[in-house]
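Encoded as structure tokens, the structure appears first; notes follow it.
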Amino acid sequence: MNSTLGRCLALGLGAWLIRAAGPDWYGVAALGTNLLGAVVIQASLALSGPTLFFWVVGVGLFWDFATFSALGHHALVMGVVALLVRTQKGWWVGASWGEQIVGSILAGVGFFAWDRFLHCWEVRAWAWPFSLSVALVLAGTMNGLVSVLLGYWMKTQQVRVGARRTGRRG
């Protein structure tokens, strides 16, 4: 898949496969959920507004269906984070690597917190102990770092695709 949408779909599916095939861990170790947050951040920066909307709805509902979550749970979390990142796209694109990491960490913490809040609401278990607060920061940090790495990878893929297209014309 050479298109940006295709890469975002593949990354979303890859994050789900890691969650589905990986060990049944929670909190910081829930790598699949953390990867989804990182993918949402990069999709928000790479896709156009309408394409992002359909990507969020499609991938979010797939995650809800495939993880037996309340319908709309992941789509809502993804939509909130996508809207947050998308509204800051101008800043994000001009930011330094350090600023992008901090922005990704903040968006990652938001993703993890909203996902945890909706999950607690879904199962009616309102546990928010200190350990979860630590997990929130650690998972957000993991999200932020993975997001920056995914962004770098997506940019290198765009350059490769552009170089191949240019090479064929010349």
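Within each chain, counting starts at residue 1; across the structure tokens, chains are named A, B, ... in the order shown, with ligands numbered 1 upward in that order.
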Who sits within 9 Å of range 82-98 of chain A, only C-alpha atoms, same chain under 5 positions skipped, as JSON, numbers by chain: {"A": [40, 41, 42, 43, 44, 45, 49, 52, 53, 56, 77, 103, 104, 107, 148]}
9 Å contact set for Val137 in chain A, only C-alpha atoms, chain neighbours under 6 positions out, as a list in words: Val28, Ile105, Leu106, Gly108, Val109 and Phe112 of chain A
Computed interatomic separation between CA of Trp114 in chain A and CA of Val80 in chain A (Å):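 So the two atoms, CA of Trp114 in chain A and CA of Val80 in chain A, lie 8.6 Å apart.
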Long-range neighbours of Leu145 in chain A as a ChimeraX atom specification, 9 Å cut-off, only C-alpha atoms, 4 positions minimum in chain: /A:38,101-102,104-105,140-141,149-150
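Separating CA of Thr67 in chain A from CA of Arg19 in chain A is a distance of 9.1 Å.
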Selected residue of minimal separation from Ala139 in chain A among A:Val123, A:Ala46, A:Ala70, A:Leu36, counting only C-alpha atoms: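 Smallest distance to Ala139 in chain A is found for A:Leu36.
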Residue neighbourhood Ala10 in chain A, 12 Å, only C-alpha atoms, exclusion window fewer than 3 positions, as a PyMOL selection string: chain A and resi 1-7+13-17+36+39+43+55+59+154
Shell around Leu61 in chain A at 7 Å using only C-alpha atoms, local window under 4 positions removed, as an MDAnalysis selection string: chainID A and resid 57 65 71:72 74:75
Pairwise distance for CA of Leu136 in chain A and CA of Tyr152 in chain A, rounded to one decimal in Å: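 Those two atoms sit 24.3 Å apart.
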